[in-house]
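K.L.:
Sharing protein.tsv, TSV, C-alpha atoms and all ligand atoms:
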chain	number	residue	atom	x	y	z
M	1	MET	CA	141.58	88.12	112.72
M	2	THR	CA	140.21	87.96	116.17
M	3	LYS	CA	139.87	91.16	118.03
M	4	ASN	CA	140.72	91.20	121.69
M	5	ILE	CA	137.36	92.34	122.96
M	6	SER	CA	137.33	94.04	126.36
M	7	LEU	CA	134.29	94.40	128.54
M	8	ILE	CA	134.17	98.04	127.55
M	9	ASP	CA	133.83	97.10	123.84
M	10	LEU	CA	131.01	94.77	124.69
M	11	ASP	CA	128.74	97.48	126.03
M	12	PRO	CA	128.20	100.37	123.61
M	13	ARG	CA	126.47	102.33	126.37
M	14	ILE	CA	129.89	102.97	127.86
M	15	ASP	CA	130.99	105.00	124.85
M	16	SER	CA	127.76	106.92	124.90
M	17	GLY	CA	128.54	108.04	128.41
M	18	PHE	CA	125.65	106.05	129.86
M	19	PHE	CA	127.87	104.71	132.58
M	20	MET	CA	130.08	106.86	134.70
M	21	ALA	CA	133.65	105.75	135.17
M	22	LYS	CA	133.71	104.04	138.51
M	23	LYS	CA	136.09	105.51	141.02
M	24	ASP	CA	138.08	103.61	143.60
M	25	ASN	CA	136.20	102.03	146.45
M	26	LYS	CA	135.88	103.73	149.80
M	27	GLU	CA	136.99	107.00	148.33
M	28	ALA	CA	136.57	110.17	150.39
M	29	ILE	CA	133.63	112.17	149.06
M	30	ASN	CA	135.62	115.38	149.10
M	31	GLY	CA	132.77	117.52	147.83
M	32	ASP	CA	132.08	115.27	144.84
M	33	PHE	CA	129.60	112.39	145.18
M	34	LYS	CA	129.49	111.46	141.50
M	35	GLY	CA	129.86	107.73	140.89
M	36	LYS	CA	131.21	107.00	144.36
M	37	ASP	CA	130.38	103.96	146.43
M	38	ILE	CA	128.80	104.91	149.73
M	39	LEU	CA	130.24	102.39	152.15
M	40	SER	CA	130.75	104.13	155.47
M	41	LEU	CA	130.62	107.45	157.26
M	42	ASP	CA	134.39	107.82	157.33
M	43	GLN	CA	134.18	108.90	153.67
M	44	PHE	CA	132.39	112.10	154.75
M	45	SER	CA	133.64	115.47	155.94
M	46	PRO	CA	131.49	118.25	157.43
M	47	LEU	CA	131.48	119.87	153.97
M	48	ASP	CA	130.14	116.69	152.34
M	49	ILE	CA	127.41	116.42	154.95
M	50	SER	CA	126.44	120.05	154.45
M	51	ILE	CA	126.19	119.54	150.67
M	52	LEU	CA	123.98	116.51	151.28
M	53	PHE	CA	121.77	118.29	153.80
M	54	LYS	CA	121.34	121.36	151.65
M	55	HIS	CA	120.14	119.10	148.91
M	56	THR	CA	117.97	117.13	151.35
M	57	LYS	CA	116.02	120.33	152.08
M	58	ARG	CA	115.19	120.60	148.36
M	59	MET	CA	114.15	116.96	148.32
M	60	ARG	CA	111.86	117.61	151.25
M	61	THR	CA	109.99	120.22	149.23
M	62	ILE	CA	109.48	117.70	146.44
M	63	GLY	CA	108.27	115.03	148.89
M	64	VAL	CA	106.05	117.22	151.05
M	65	ASN	CA	104.30	118.89	148.12
M	66	ALA	CA	104.12	115.71	146.02
M	67	LYS	CA	105.80	117.82	143.38
M	68	PRO	CA	106.51	115.84	140.21
M	69	SER	CA	110.24	115.54	139.67
M	70	ASP	CA	112.16	113.98	136.83
M	71	LEU	CA	115.59	114.36	138.37
M	72	LEU	CA	116.25	110.63	138.03
M	73	LYS	CA	114.24	110.13	134.86
M	74	GLY	CA	115.91	107.44	132.79
M	75	ASN	CA	117.81	106.07	135.78
M	76	ILE	CA	117.29	102.58	137.13
M	77	VAL	CA	118.43	101.67	140.63
M	78	THR	CA	118.66	98.04	141.78
M	79	LEU	CA	117.68	97.35	145.38
M	80	ILE	CA	118.99	93.95	146.37
M	81	PHE	CA	118.41	92.93	149.96
M	82	TYR	CA	119.74	89.67	151.36
M	83	GLU	CA	118.13	90.47	154.71
M	84	PRO	CA	114.66	91.60	155.81
M	85	SER	CA	113.91	95.31	155.65
M	86	SER	CA	110.92	97.63	155.69
M	87	ARG	CA	112.12	101.22	156.08
M	88	THR	CA	115.41	101.08	154.24
M	89	PHE	CA	114.02	99.12	151.31
M	90	GLY	CA	110.80	101.14	151.21
M	91	SER	CA	112.48	104.51	151.53
M	92	PHE	CA	115.12	103.83	148.88
M	93	GLY	CA	112.37	102.62	146.53
M	94	ALA	CA	110.21	105.64	147.31
M	95	ALA	CA	113.22	107.96	146.91
M	96	VAL	CA	113.92	106.74	143.37
M	97	LYS	CA	110.23	106.96	142.42
M	98	GLN	CA	109.79	110.43	143.94
M	99	LEU	CA	112.47	111.57	141.52
M	100	GLY	CA	111.00	109.88	138.46
M	101	GLY	CA	113.46	106.99	138.32
M	102	GLN	CA	112.75	103.29	138.27
M	103	THR	CA	113.80	100.37	140.43
M	104	ILE	CA	114.63	96.72	140.12
M	105	GLU	CA	113.59	95.36	143.49
M	106	VAL	CA	114.96	92.10	144.83
M	107	HIS	CA	113.60	91.62	148.30
M	108	ASP	CA	113.81	87.90	148.43
M	109	VAL	CA	117.06	86.54	147.04
M	110	SER	CA	115.79	82.99	147.46
M	111	ALA	CA	113.76	83.71	144.31
M	112	THR	CA	116.93	84.52	142.34
M	113	SER	CA	119.96	82.59	141.10
M	114	VAL	CA	121.43	83.04	144.58
M	115	ALA	CA	119.32	80.00	145.45
M	116	LYS	CA	121.21	78.09	142.75
M	117	GLY	CA	124.49	78.99	144.40
M	118	GLU	CA	125.46	82.09	142.44
M	119	SER	CA	128.21	84.12	144.10
M	120	LEU	CA	127.62	87.63	145.39
M	121	GLU	CA	130.16	88.95	142.87
M	122	ASP	CA	128.39	87.39	139.88
M	123	THR	CA	125.00	88.58	141.06
M	124	ILE	CA	126.33	92.13	141.33
M	125	ARG	CA	127.89	92.00	137.86
M	126	VAL	CA	124.60	90.80	136.41
M	127	PHE	CA	122.53	93.54	137.99
M	128	GLU	CA	124.99	96.29	137.22
M	129	ALA	CA	124.36	95.59	133.54
M	130	TYR	CA	120.73	96.62	134.07
M	131	CYS	CA	121.05	99.73	136.20
M	132	ASP	CA	122.92	102.87	137.23
M	133	ALA	CA	123.38	102.18	140.94
M	134	ILE	CA	123.02	99.25	143.32
M	135	VAL	CA	121.68	99.54	146.85
M	136	ILE	CA	122.52	96.42	148.81
M	137	ARG	CA	121.97	94.92	152.27
M	138	HIS	CA	123.68	91.73	153.39
M	139	PRO	CA	123.82	89.77	156.68
M	140	ILE	CA	127.58	89.16	156.56
M	141	LYS	CA	129.86	92.03	157.57
M	142	GLY	CA	132.29	92.85	154.75
M	143	SER	CA	129.92	91.77	151.98
M	144	ILE	CA	129.12	95.30	150.86
M	145	GLN	CA	132.80	96.02	150.26
M	146	LYS	CA	132.94	92.76	148.28
M	147	ALA	CA	129.97	93.90	146.21
M	148	ALA	CA	131.60	97.28	145.61
M	149	ASP	CA	134.79	95.57	144.52
M	150	ALA	CA	132.81	93.36	142.14
M	151	ALA	CA	130.89	96.20	140.45
M	152	PHE	CA	132.87	97.50	137.49
M	153	PHE	CA	130.81	100.53	136.59
M	154	VAL	CA	128.02	101.47	138.91
M	155	PRO	CA	128.19	102.87	142.43
M	156	VAL	CA	127.24	100.59	145.30
M	157	ILE	CA	125.39	101.94	148.33
M	158	ASN	CA	125.57	100.16	151.66
M	159	ALA	CA	122.07	99.62	153.07
M	160	GLY	CA	123.27	97.53	156.01
M	161	ASP	CA	126.40	95.40	156.28
M	162	GLY	CA	125.77	92.63	158.81
M	163	ALA	CA	126.74	93.77	162.29
M	164	GLY	CA	129.11	96.31	160.71
M	165	SER	CA	127.70	99.57	159.44
M	166	HIS	CA	124.60	101.27	158.06
M	167	PRO	CA	125.73	104.64	156.75
M	168	THR	CA	122.52	105.90	155.15
M	169	GLN	CA	120.69	105.31	158.44
M	170	ALA	CA	123.32	107.41	160.22
M	171	LEU	CA	122.99	110.15	157.60
M	172	LEU	CA	119.27	110.38	158.20
M	173	ASP	CA	119.82	110.24	161.96
M	174	LEU	CA	122.30	113.10	161.69
M	175	TYR	CA	119.86	115.06	159.56
M	176	THR	CA	117.11	114.55	162.14
M	177	ILE	CA	119.43	115.69	164.94
M	178	TYR	CA	120.52	118.67	162.84
M	179	GLU	CA	116.91	119.67	162.15
M	180	LYS	CA	116.26	119.77	165.87
M	181	PHE	CA	119.42	121.43	167.19
M	182	HIS	CA	120.78	123.26	164.11
M	183	ARG	CA	124.22	121.87	164.88
M	184	LEU	CA	126.05	118.55	164.91
M	185	ASP	CA	128.84	119.52	167.27
M	186	SER	CA	128.75	119.73	171.07
M	187	ILE	CA	126.08	117.03	171.22
M	188	THR	CA	125.68	114.60	174.10
M	189	ALA	CA	124.03	111.40	172.91
M	190	LEU	CA	122.95	108.24	174.67
M	191	LEU	CA	122.96	105.10	172.52
M	192	CYS	CA	121.20	102.19	174.15
M	193	GLY	CA	120.75	98.50	173.36
M	194	ASP	CA	122.88	95.90	171.66
M	195	VAL	CA	125.90	98.10	171.03
M	196	LEU	CA	128.00	95.08	170.11
M	197	HIS	CA	125.91	94.11	167.09
M	198	SER	CA	123.96	97.25	166.22
M	199	ARG	CA	125.22	98.61	162.89
M	200	THR	CA	123.07	101.71	163.35
M	201	HIS	CA	124.92	102.47	166.58
M	202	HIS	CA	128.27	101.92	164.89
M	203	SER	CA	127.52	104.26	162.02
M	204	LEU	CA	126.06	106.95	164.27
M	205	ILE	CA	129.25	106.88	166.35
M	206	GLU	CA	131.22	107.39	163.13
M	207	GLY	CA	128.84	110.12	162.03
M	208	LEU	CA	129.07	112.10	165.26
M	209	SER	CA	132.86	111.71	165.14
M	210	ILE	CA	132.94	113.94	162.08
M	211	TYR	CA	132.18	116.95	164.32
M	212	PRO	CA	134.04	118.35	167.32
M	213	ASN	CA	133.14	118.17	170.97
M	214	ASN	CA	130.62	115.30	170.88
M	215	THR	CA	130.16	112.81	173.70
M	216	ILE	CA	128.42	109.47	173.39
M	217	TYR	CA	127.26	107.37	176.31
M	218	LEU	CA	126.87	103.72	175.31
M	219	LEU	CA	124.32	101.97	177.54
M	220	SER	CA	124.24	98.19	177.11
M	221	PRO	CA	124.36	94.95	179.03
M	222	LYS	CA	128.06	94.25	179.76
M	223	LYS	CA	128.10	91.32	177.36
M	224	LEU	CA	126.78	93.55	174.56
M	225	LYS	CA	129.25	96.41	174.79
M	226	LEU	CA	131.33	97.33	171.74
M	227	SER	CA	133.97	94.77	170.76
M	228	ARG	CA	137.35	95.96	172.01
M	229	GLU	CA	138.45	96.22	168.41
M	230	ASP	CA	135.57	98.56	167.54
M	231	PHE	CA	136.04	100.52	170.76
M	232	ALA	CA	139.69	101.14	169.85
M	233	LYS	CA	138.79	101.99	166.26
M	234	TYR	CA	136.07	104.50	167.15
M	235	SER	CA	138.04	106.00	170.04
M	236	LYS	CA	140.76	107.03	167.62
M	237	ASN	CA	138.22	109.37	166.11
M	238	ASN	CA	137.19	112.72	167.33
M	239	ILE	CA	134.71	111.51	169.95
M	240	LYS	CA	134.40	110.83	173.65
M	241	LEU	CA	132.89	107.38	174.28
M	242	ILE	CA	131.63	106.48	177.75
M	243	GLU	CA	130.39	102.93	178.34
M	244	ILE	CA	127.71	102.49	181.00
M	245	HIS	CA	125.68	99.48	182.07
M	246	ASP	CA	123.19	100.92	184.50
M	247	GLU	CA	120.30	103.33	183.90
M	248	LYS	CA	121.32	105.37	186.90
M	249	ASP	CA	124.46	106.42	185.01
M	250	ILE	CA	122.47	108.05	182.20
M	251	PRO	CA	123.48	111.72	182.09
M	252	GLU	CA	120.61	114.11	182.63
M	253	ASN	CA	121.82	116.53	179.98
M	254	ALA	CA	121.75	114.27	176.90
M	255	ASP	CA	120.40	115.89	173.72
M	256	VAL	CA	119.72	112.59	171.95
M	257	TRP	CA	118.44	109.24	173.18
M	258	TYR	CA	118.92	106.60	170.51
M	259	TRP	CA	117.42	103.21	171.31
M	260	ASN	CA	117.83	100.14	169.12
M	261	ARG	CA	116.52	96.61	169.64
M	262	ILE	CA	118.64	93.62	170.65
M	263	GLN	CA	119.87	92.23	167.31
M	264	ARG	CA	118.57	88.71	167.82
M	265	GLU	CA	119.64	87.45	164.41
M	266	ARG	CA	123.29	88.20	165.16
M	267	PHE	CA	123.48	85.80	168.11
M	268	GLU	CA	124.86	82.32	167.55
M	269	ASN	CA	122.09	81.13	169.82
M	270	PRO	CA	119.10	83.46	169.34
M	271	LYS	CA	117.66	82.21	172.62
M	272	GLU	CA	120.49	84.03	174.36
M	273	ALA	CA	119.10	87.30	173.02
M	274	GLU	CA	116.00	86.74	175.15
M	275	LYS	CA	118.11	87.30	178.26
M	276	TYR	CA	118.77	90.91	177.26
M	277	LYS	CA	115.47	91.82	175.64
M	278	ASP	CA	113.90	93.57	178.59
M	279	LYS	CA	117.03	94.92	180.23
M	280	PHE	CA	116.74	98.56	179.13
M	281	ILE	CA	113.26	99.67	178.18
M	282	LEU	CA	112.59	103.30	177.51
M	283	THR	CA	109.54	104.20	179.61
M	284	GLN	CA	107.83	107.43	180.58
M	285	GLN	CA	109.23	106.92	184.05
M	286	LEU	CA	112.81	106.73	182.80
M	287	LEU	CA	112.18	109.81	180.70
M	288	GLN	CA	110.89	111.68	183.74
M	289	GLU	CA	113.82	110.58	185.85
M	290	ARG	CA	116.69	111.17	183.43
M	291	GLY	CA	115.49	112.84	180.24
M	292	SER	CA	116.05	116.52	179.51
M	293	GLU	CA	113.25	118.81	178.34
M	294	ASN	CA	114.80	119.43	174.95
M	295	LEU	CA	115.66	115.83	174.15
M	296	ILE	CA	115.03	114.03	170.88
M	297	ILE	CA	114.26	110.30	171.10
M	298	LEU	CA	115.26	108.23	168.08
M	299	ASP	CA	115.10	104.55	167.11
M	300	PRO	CA	115.95	103.25	163.64
M	301	LEU	CA	113.14	100.70	164.09
M	302	PRO	CA	111.79	98.05	164.01
M	303	ARG	CA	110.72	98.43	167.62
M	304	VAL	CA	110.41	95.15	169.44
M	305	GLY	CA	109.63	96.28	172.95
M	306	GLU	CA	112.65	98.52	173.63
M	307	ILE	CA	110.48	101.66	173.76
M	308	ASP	CA	107.23	101.57	175.67
M	309	LEU	CA	104.19	102.47	173.55
M	310	ASN	CA	103.28	105.21	176.04
M	311	VAL	CA	106.36	107.16	174.98
M	312	ASP	CA	105.01	107.59	171.42
M	313	ALA	CA	102.81	110.53	172.38
M	314	ASP	CA	105.67	112.40	174.03
M	315	PRO	CA	106.59	115.42	171.89
M	316	ARG	CA	110.24	114.42	172.22
M	317	ALA	CA	109.65	111.12	170.38
M	318	GLY	CA	111.03	111.45	166.85
M	319	TYR	CA	111.11	107.81	165.79
M	320	LEU	CA	107.65	107.45	164.28
M	321	ARG	CA	107.63	111.01	163.00
M	322	THR	CA	110.45	112.97	161.43
M	323	GLN	CA	113.07	110.22	161.48
M	324	ILE	CA	111.22	108.00	159.00
M	325	ARG	CA	110.33	110.69	156.46
M	326	ASN	CA	113.83	112.13	156.69
M	327	GLY	CA	115.10	108.74	155.60
M	328	MET	CA	113.42	109.14	152.24
M	329	TYR	CA	114.56	112.75	151.76
M	330	VAL	CA	118.18	112.00	152.64
M	331	ARG	CA	118.19	109.00	150.29
M	332	MET	CA	116.66	111.10	147.50
M	333	ALA	CA	119.47	113.60	147.98
M	334	LEU	CA	122.18	110.97	148.16
M	335	LEU	CA	121.03	109.10	145.06
M	336	SER	CA	120.76	112.22	142.95
M	337	LEU	CA	124.22	113.38	144.04
M	338	VAL	CA	125.81	109.98	143.38
M	339	LEU	CA	124.08	109.79	139.99
M	340	ASP	CA	125.19	113.35	139.26
M	341	LYS	CA	121.66	114.64	138.83
M	342	ALA	CA	121.51	117.02	141.76
M	401	LIG	C1	118.06	98.84	161.36
M	401	LIG	C2	118.98	97.86	160.67
M	401	LIG	O1	118.57	97.22	159.70
M	401	LIG	O2	120.12	97.78	161.13
M	401	LIG	N1	116.82	99.01	160.70
M	401	LIG	C3	116.72	99.94	159.72
M	401	LIG	O3	117.44	99.93	158.75
M	401	LIG	N2	115.85	100.94	159.91
M	401	LIG	C4	117.89	98.55	162.80
M	401	LIG	C5	117.45	97.21	163.23
M	401	LIG	O4	117.14	96.33	162.43
M	401	LIG	O5	117.40	97.02	164.44
Now that the file is in, can you turn its structure into structure tokens?
Ligand code: NCD
P.N.:
Amino acid sequence: MTKNISLIDLDPRIDSGFFMAKKDNKEAINGDFKGKDILSLDQFSPLDISILFKHTKRMRTIGVNAKPSDLLKGNIVTLIFYEPSSRTFGSFGAAVKQLGGQTIEVHDVSATSVAKGESLEDTIRVFEAYCDAIVIRHPIKGSIQKAADAAFFVPVINAGDGAGSHPTQALLDLYTIYEKFHRLDSITALLCGDVLHSRTHHSLIEGLSIYPNNTIYLLSPKKLKLSREDFAKYSKNNIKLIEIHDEKDIPENADVWYWNRIQRERFENPKEAEKYKDKFILTQQLLQERGSENLIILDPLPRVGEIDLNVDADPRAGYLRTQIRNGMYVRMALLSLVLDKA
């Protein structure tokens, strides 16, 4: 007699509770991170963010004091990146290791079966058999949702979805802003660069929309403003968006300046990106002319000329200081909450 074997029967670890039952994709966090895919900031409420940030503070203590932690002992997290990365890949890897977990690190998919033509879905199903969570970056917008749909059991975390979104970057940006101002409402922010393609800009807009009374100025070359579709989508949220194309329209009262490079790899013709590269450079002079005293300057990095090196020494520059370390702490907090180890 042949037994109708289901996938569940095939993996005894499921019965032993090794895997968590996977919830629906793109589910609101609603105070409970366990087993959920982290796909975009619209899953989060102020309560969810406060749970995450409270936990991030604990993670900071572990990181700063090099305190041994075994919070993720026994957990394996796969990092699979179909696109270059330094900070996101490094900080997720460091986050798992800080907490005593282990990683499978795929930084170069050309060395995997992807090079033989394996589909994204199959690759995800293979790796989910080896681990408890998958962190993934992909150059094509929509691929992270596809990966989340493909994974049967383990949560999938978006580490950059083409020109779409980059939620964990926005979470660390919000944390950095919160550390400075002790609030995430009533913030005036200036986002500058390639607003059309910059997923970090998109996710930060979503993130600041979670709180009331925020205003975002979007400074970009006209050709690189938000797509009308995105503008309509984000404007529906709780946020005032003001598009500007000239430095003289920068408000003098902004709390946050957030610069991001022109996203060269998103252009059909990368040579076209050259035209915009030097259009808006953050210099000491611009800071003197339009920056407020209590400003924080952020950039998700890499920097490719959009912020002058002379700005680095300015006490308002957060990009090579707190912003990077906060990335690791926020990711430590997020992983331990999603893996139900917080
Ligand atoms: C950003 C990204 O990948 O979108 N980098 C990062 O994750 N820190 C920004 C960028 O590449 O410009």
K.L.:
Could you produce a table of the residues of region 135-208 of chain M lying within 8 Å of region 317-337 of chain M, with the nearest pair of atoms per residue and their separation in Å rounded to one decimal, using all atoms listed in the file, ordered by chain and increasing residue number, as a tab-separated table?
P.N.:
residue	atom	partner	partner_atom	distance
M:Thr168	CA	M:Arg331	CA	7.2
M:Gln169	CA	M:Gly327	CA	7.1
M:Leu171	CA	M:Val330	CA	7.2
M:Leu172	CA	M:Gly327	CA	5.2
M:Asp173	CA	M:Gln323	CA	6.8
M:Tyr175	CA	M:Asn326	CA	7.3
M:Thr176	CA	M:Gln323	CA	6.0
K.L.:
Put those residues in a file: C-alpha atoms, as a PDB file, in the coordinates of the input.
P.N.:
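The new file selection_38.pdb reads:
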ATOM      1  CA  THR M 168     122.520 105.900 155.150  1.00  0.00           C
ATOM      2  CA  GLN M 169     120.690 105.310 158.440  1.00  0.00           C
ATOM      3  CA  LEU M 171     122.990 110.150 157.600  1.00  0.00           C
ATOM      4  CA  LEU M 172     119.270 110.380 158.200  1.00  0.00           C
ATOM      5  CA  ASP M 173     119.820 110.240 161.960  1.00  0.00           C
ATOM      6  CA  TYR M 175     119.860 115.060 159.560  1.00  0.00           C
ATOM      7  CA  THR M 176     117.110 114.550 162.140  1.00  0.00           C
TER       8      THR M 176
END
K.L.:
Given all atoms listed in the file, how would the per-residue table for chain M near ligand LIG 401 (chain M) read, listing every residue at most 9 Å away with its closest atom pair and distance in Å to one decimal, sorted by chain and number, as CSV?
P.N.:
residue,atom,partner,partner_atom,distance
M:Glu83,CA,M:LIG401,O1,8.4
M:Pro84,CA,M:LIG401,O1,7.9
M:Ser85,CA,M:LIG401,O1,6.5
M:Ser86,CA,M:LIG401,N2,7.3
M:Arg87,CA,M:LIG401,N2,5.4
M:Thr88,CA,M:LIG401,O3,5.1
M:Phe89,CA,M:LIG401,O3,8.2
M:Arg137,CA,M:LIG401,O1,8.5
M:Ala159,CA,M:LIG401,O3,7.3
M:Gly160,CA,M:LIG401,O1,6.0
M:Asp161,CA,M:LIG401,O2,8.3
M:Gly162,CA,M:LIG401,O2,8.0
M:Ala163,CA,M:LIG401,O2,7.8
M:Ser165,CA,M:LIG401,O2,8.0
M:His166,CA,M:LIG401,O2,6.5
M:Thr168,CA,M:LIG401,O3,8.6
M:Gln169,CA,M:LIG401,O3,6.3
M:Ser198,CA,M:LIG401,O2,6.4
M:Arg199,CA,M:LIG401,O2,5.5
M:Thr200,CA,M:LIG401,O2,5.4
M:His201,CA,M:LIG401,O2,8.6
M:Asn260,CA,M:LIG401,O5,5.6
M:Arg261,CA,M:LIG401,O5,5.3
M:Ile262,CA,M:LIG401,O5,7.2
M:Gln263,CA,M:LIG401,O5,6.1
M:Asp299,CA,M:LIG401,C4,7.9
M:Pro300,CA,M:LIG401,N2,4.4
M:Leu301,CA,M:LIG401,N2,5.0
M:Pro302,CA,M:LIG401,O5,5.7
M:Arg303,CA,M:LIG401,O5,7.5
M:Val304,CA,M:LIG401,O5,8.8
M:Ile324,CA,M:LIG401,N2,8.5
M:Gly327,CA,M:LIG401,N2,8.9
K.L.:
Point out the residue among M:Asp312, M:Trp257, M:Leu99, M:Gln285 with the least atom-to-atom distance to Arg60 (chain M), counting all atoms listed in the file.
P.N.:
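Comparing M:Asp312, M:Trp257, M:Leu99, M:Gln285 against Arg60 (chain M), the winner is M:Leu99.
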K.L.:
Considering only C-alpha atoms, return as an mmCIF file with C-alpha atoms, in the frame of the given file whatever protein or nucleic-acid residues lie within 10 Å of region 239-242 of chain M, sequence-local ones (same chain, fewer than 5 positions apart) excluded.
P.N.:
data_model
loop_
_atom_site.group_PDB
_atom_site.id
_atom_site.type_symbol
_atom_site.label_atom_id
_atom_site.label_comp_id
_atom_site.auth_asym_id
_atom_site.auth_seq_id
_atom_site.Cartn_x
_atom_site.Cartn_y
_atom_site.Cartn_z
ATOM 1 C CA THR M 188 125.680 114.600 174.100
ATOM 2 C CA ALA M 189 124.030 111.400 172.910
ATOM 3 C CA LEU M 190 122.950 108.240 174.670
ATOM 4 C CA ILE M 205 129.250 106.880 166.350
ATOM 5 C CA GLU M 206 131.220 107.390 163.130
ATOM 6 C CA GLY M 207 128.840 110.120 162.030
ATOM 7 C CA LEU M 208 129.070 112.100 165.260
ATOM 8 C CA SER M 209 132.860 111.710 165.140
ATOM 9 C CA ILE M 210 132.940 113.940 162.080
ATOM 10 C CA TYR M 211 132.180 116.950 164.320
ATOM 11 C CA PRO M 212 134.040 118.350 167.320
ATOM 12 C CA ASN M 213 133.140 118.170 170.970
ATOM 13 C CA ASN M 214 130.620 115.300 170.880
ATOM 14 C CA THR M 215 130.160 112.810 173.700
ATOM 15 C CA ILE M 216 128.420 109.470 173.390
ATOM 16 C CA TYR M 217 127.260 107.370 176.310
ATOM 17 C CA LEU M 218 126.870 103.720 175.310
ATOM 18 C CA LEU M 219 124.320 101.970 177.540
ATOM 19 C CA PHE M 231 136.040 100.520 170.760
ATOM 20 C CA TYR M 234 136.070 104.500 167.150
#
K.L.:
If you measure from CA of Leu120 (chain M) to CA of Pro139 (chain M), what distance in Å do you get, rounded to one decimal?
P.N.:
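For CA of Leu120 (chain M) relative to CA of Pro139 (chain M), the distance reads 12.1 Å.
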K.L.:
Select, from M:Leu72, M:Leu52, M:Ala150, M:Val126, the residue with the minimum atom-to-atom distance to Thr112 (chain M), counting only C-alpha atoms.
P.N.:
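Among the listed residues, the smallest separation from Thr112 (chain M) belongs to M:Val126.
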K.L.:
Using all atoms listed in the file, which of M:Leu196, M:Leu71, M:Leu191, M:Ala129 sits nearest Ile297 (chain M)?
P.N.:
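Smallest distance to Ile297 (chain M) is found for M:Leu191.
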K.L.:
From the options M:Asp32, M:Asp42, M:Asp149, M:Asp278, which residue's atoms come nearest to Leu204 (chain M), counting all atoms listed in the file?
P.N.:
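Checking each of M:Asp32, M:Asp42, M:Asp149, M:Asp278 against Leu204 (chain M), counting all atoms listed in the file, the winner is M:Asp42.
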